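Below: the structure, in structure tokens.
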Amino acid sequence: MRSVWRNVDEEENSEEEEMTVKIRFFARFRELLGTDIITDVGVGMMFTSLITTIVKKKPEGYAAIFDEDGAFREFVILMKNGKRVEIADAAKTPVEDGDELAVFPPVAGG
């Protein structure tokens, strides 16, 4: 399922540059939130803020990814353009035009 969401920022400023970002959720998160969400964001948006804004629209998905305090659950795996982003760094990791963000649940295999 592909979704296109626009105007993620609550405050719109026509002079502010907008960037297009793709967010992909995998496995259980995909079932709850969909995948290939394409959204416009303002300059200065951080990884955590964007994911929070997107998943708050679906309470079950939010509860799967974030804990009661609004922090990423420790098992969540985050990636930006194919590179791992540590949960501790996500709040200060800026999102840039054309980025692809990925959110994974824990991965198990044998």
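Naming works like this for the structure tokens: A, B, ... for the chains as they're shown, residue 1 at the start of each chain, ligands 1 onward in shown order.
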
> Tell me, which residues of stretch 29-85 of chain A carry DSSP alpha helix (DSSP H), written as a list in words?
Replying inline: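 Selecting the alpha helix (DSSP H) positions of stretch 29-85 of chain A gives Phe29, Arg30, Glu31, Leu32, Leu33, Phe47, Thr48, Ser49, Leu50, Ile51, Thr52, Thr53, Ile54, Val55, Pro59, Glu60, Gly61, Tyr62, Ala63, Ala64 and Ile65 of chain A.
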
Just the selected residues (N, CA and C atoms), exported as a PDB file, in the first residue's frame, please.
```
ATOM      1  N   PHE A  29       5.067  -3.471  11.429  1.00  0.00           N
ATOM      2  CA  PHE A  29       4.827  -2.031  11.323  1.00  0.00           C
ATOM      3  C   PHE A  29       4.128  -1.697  10.007  1.00  0.00           C
ATOM      4  N   ARG A  30       4.455  -2.420   8.951  1.00  0.00           N
ATOM      5  CA  ARG A  30       3.811  -2.202   7.653  1.00  0.00           C
ATOM      6  C   ARG A  30       2.327  -2.532   7.743  1.00  0.00           C
ATOM      7  N   GLU A  31       2.012  -3.624   8.438  1.00  0.00           N
ATOM      8  CA  GLU A  31       0.610  -4.013   8.603  1.00  0.00           C
ATOM      9  C   GLU A  31      -0.187  -2.925   9.327  1.00  0.00           C
ATOM     10  N   LEU A  32       0.443  -2.273  10.283  1.00  0.00           N
ATOM     11  CA  LEU A  32      -0.239  -1.261  11.089  1.00  0.00           C
ATOM     12  C   LEU A  32      -0.265   0.114  10.439  1.00  0.00           C
ATOM     13  N   LEU A  33       0.772   0.441   9.654  1.00  0.00           N
ATOM     14  CA  LEU A  33       0.937   1.816   9.175  1.00  0.00           C
ATOM     15  C   LEU A  33       0.987   1.969   7.658  1.00  0.00           C
ATOM     16  N   PHE A  47      14.548  13.259  12.308  1.00  0.00           N
ATOM     17  CA  PHE A  47      14.073  11.897  12.082  1.00  0.00           C
ATOM     18  C   PHE A  47      12.968  11.535  13.077  1.00  0.00           C
ATOM     19  N   THR A  48      13.232  11.664  14.369  1.00  0.00           N
ATOM     20  CA  THR A  48      12.250  11.279  15.383  1.00  0.00           C
ATOM     21  C   THR A  48      10.960  12.073  15.246  1.00  0.00           C
ATOM     22  N   SER A  49      11.065  13.378  15.027  1.00  0.00           N
ATOM     23  CA  SER A  49       9.869  14.224  14.909  1.00  0.00           C
ATOM     24  C   SER A  49       8.994  13.801  13.742  1.00  0.00           C
ATOM     25  N   LEU A  50       9.613  13.475  12.624  1.00  0.00           N
ATOM     26  CA  LEU A  50       8.843  13.071  11.449  1.00  0.00           C
ATOM     27  C   LEU A  50       8.133  11.738  11.688  1.00  0.00           C
ATOM     28  N   ILE A  51       8.850  10.752  12.209  1.00  0.00           N
ATOM     29  CA  ILE A  51       8.223   9.455  12.452  1.00  0.00           C
ATOM     30  C   ILE A  51       7.098   9.598  13.469  1.00  0.00           C
ATOM     31  N   THR A  52       7.324  10.369  14.517  1.00  0.00           N
ATOM     32  CA  THR A  52       6.284  10.597  15.524  1.00  0.00           C
ATOM     33  C   THR A  52       5.039  11.195  14.894  1.00  0.00           C
ATOM     34  N   THR A  53       5.214  12.217  14.089  1.00  0.00           N
ATOM     35  CA  THR A  53       4.083  12.885  13.443  1.00  0.00           C
ATOM     36  C   THR A  53       3.300  11.926  12.558  1.00  0.00           C
ATOM     37  N   ILE A  54       3.998  11.108  11.791  1.00  0.00           N
ATOM     38  CA  ILE A  54       3.336  10.176  10.883  1.00  0.00           C
ATOM     39  C   ILE A  54       2.586   9.097  11.656  1.00  0.00           C
ATOM     40  N   VAL A  55       3.229   8.463  12.640  1.00  0.00           N
ATOM     41  CA  VAL A  55       2.598   7.322  13.294  1.00  0.00           C
ATOM     42  C   VAL A  55       1.528   7.710  14.309  1.00  0.00           C
ATOM     43  N   PRO A  59      -3.054   5.084  16.204  1.00  0.00           N
ATOM     44  CA  PRO A  59      -2.675   4.764  17.588  1.00  0.00           C
ATOM     45  C   PRO A  59      -2.051   3.383  17.792  1.00  0.00           C
ATOM     46  N   GLU A  60      -2.526   2.365  17.103  1.00  0.00           N
ATOM     47  CA  GLU A  60      -1.960   1.030  17.283  1.00  0.00           C
ATOM     48  C   GLU A  60      -0.518   0.983  16.762  1.00  0.00           C
ATOM     49  N   GLY A  61      -0.277   1.658  15.658  1.00  0.00           N
ATOM     50  CA  GLY A  61       1.081   1.737  15.127  1.00  0.00           C
ATOM     51  C   GLY A  61       2.001   2.528  16.041  1.00  0.00           C
ATOM     52  N   TYR A  62       1.475   3.618  16.594  1.00  0.00           N
ATOM     53  CA  TYR A  62       2.258   4.435  17.529  1.00  0.00           C
ATOM     54  C   TYR A  62       2.672   3.596  18.735  1.00  0.00           C
ATOM     55  N   ALA A  63       1.737   2.850  19.302  1.00  0.00           N
ATOM     56  CA  ALA A  63       2.016   2.030  20.482  1.00  0.00           C
ATOM     57  C   ALA A  63       3.023   0.924  20.175  1.00  0.00           C
ATOM     58  N   ALA A  64       3.085   0.467  18.948  1.00  0.00           N
ATOM     59  CA  ALA A  64       4.041  -0.577  18.583  1.00  0.00           C
ATOM     60  C   ALA A  64       5.465  -0.030  18.480  1.00  0.00           C
ATOM     61  N   ILE A  65       5.602   1.228  18.102  1.00  0.00           N
ATOM     62  CA  ILE A  65       6.916   1.819  17.854  1.00  0.00           C
ATOM     63  C   ILE A  65       7.432   2.636  19.042  1.00  0.00           C
TER      64      ILE A  65
END
```

>> Using DSSP secondary structure from the backbone, list all strand (DSSP E or B) positions within stretch 3-108 of chain A, as a ChimeraX atom specification.
In response: /A:3-5,18-25,35-42,46,66,72,77-80,83-85,94,100-104

>> Please compute the atom CA of A:Lys92-atom CA of A:Ala71 distance, one decimal, in Å.
In response: 13.6 Å

>> Would you pick out the contacts of A:Pro105 at 10 Å or less, using only C-alpha atoms, so that residues sharing its chain but fewer than 4 positions from it are not included, and give the list as a list in words?
In response: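 Those residues are Phe25, Phe26, Ala27, Arg28, Phe29, Arg30, Ala64, Ile65, Arg73, Glu74, Phe75, Val76, Ile77 and Leu78 of chain A.
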
Saved selection, atoms kept: C-alpha atoms, as a PDB file, in the first residue's frame:
```
ATOM      1  CA  PHE A  25       7.665   0.552   7.485  1.00  0.00           C
ATOM      2  CA  PHE A  26       8.405  -3.172   7.475  1.00  0.00           C
ATOM      3  CA  ALA A  27       6.837  -6.420   8.743  1.00  0.00           C
ATOM      4  CA  ARG A  28       4.377  -5.807  11.587  1.00  0.00           C
ATOM      5  CA  PHE A  29       4.827  -2.031  11.323  1.00  0.00           C
ATOM      6  CA  ARG A  30       3.811  -2.202   7.653  1.00  0.00           C
ATOM      7  CA  ALA A  64       4.041  -0.577  18.583  1.00  0.00           C
ATOM      8  CA  ILE A  65       6.916   1.819  17.854  1.00  0.00           C
ATOM      9  CA  ARG A  73      10.968   1.181  21.897  1.00  0.00           C
ATOM     10  CA  GLU A  74      14.482  -0.195  22.307  1.00  0.00           C
ATOM     11  CA  PHE A  75      13.964  -2.987  19.762  1.00  0.00           C
ATOM     12  CA  VAL A  76      13.000  -0.636  16.886  1.00  0.00           C
ATOM     13  CA  ILE A  77      15.545  -0.475  14.060  1.00  0.00           C
ATOM     14  CA  LEU A  78      15.905   2.837  12.218  1.00  0.00           C
TER      15      LEU A  78
END
```

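In this structure, atom CA of A:Phe72 sits 25.7 Å away from atom CA of A:Glu18.
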
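Take the candidates A:Phe66, A:Lys22, A:Ile37, A:Lys58 and check each one against A:Ile87 using only C-alpha atoms; the shortest distance goes to A:Phe66.
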
>> I'd like the interatomic distance between atom CA of A:Val85 and atom CA of A:Phe104, to a tenth of an Å.
In response: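 Result for atom CA of A:Val85 versus atom CA of A:Phe104: 11.6 Å, one decimal.
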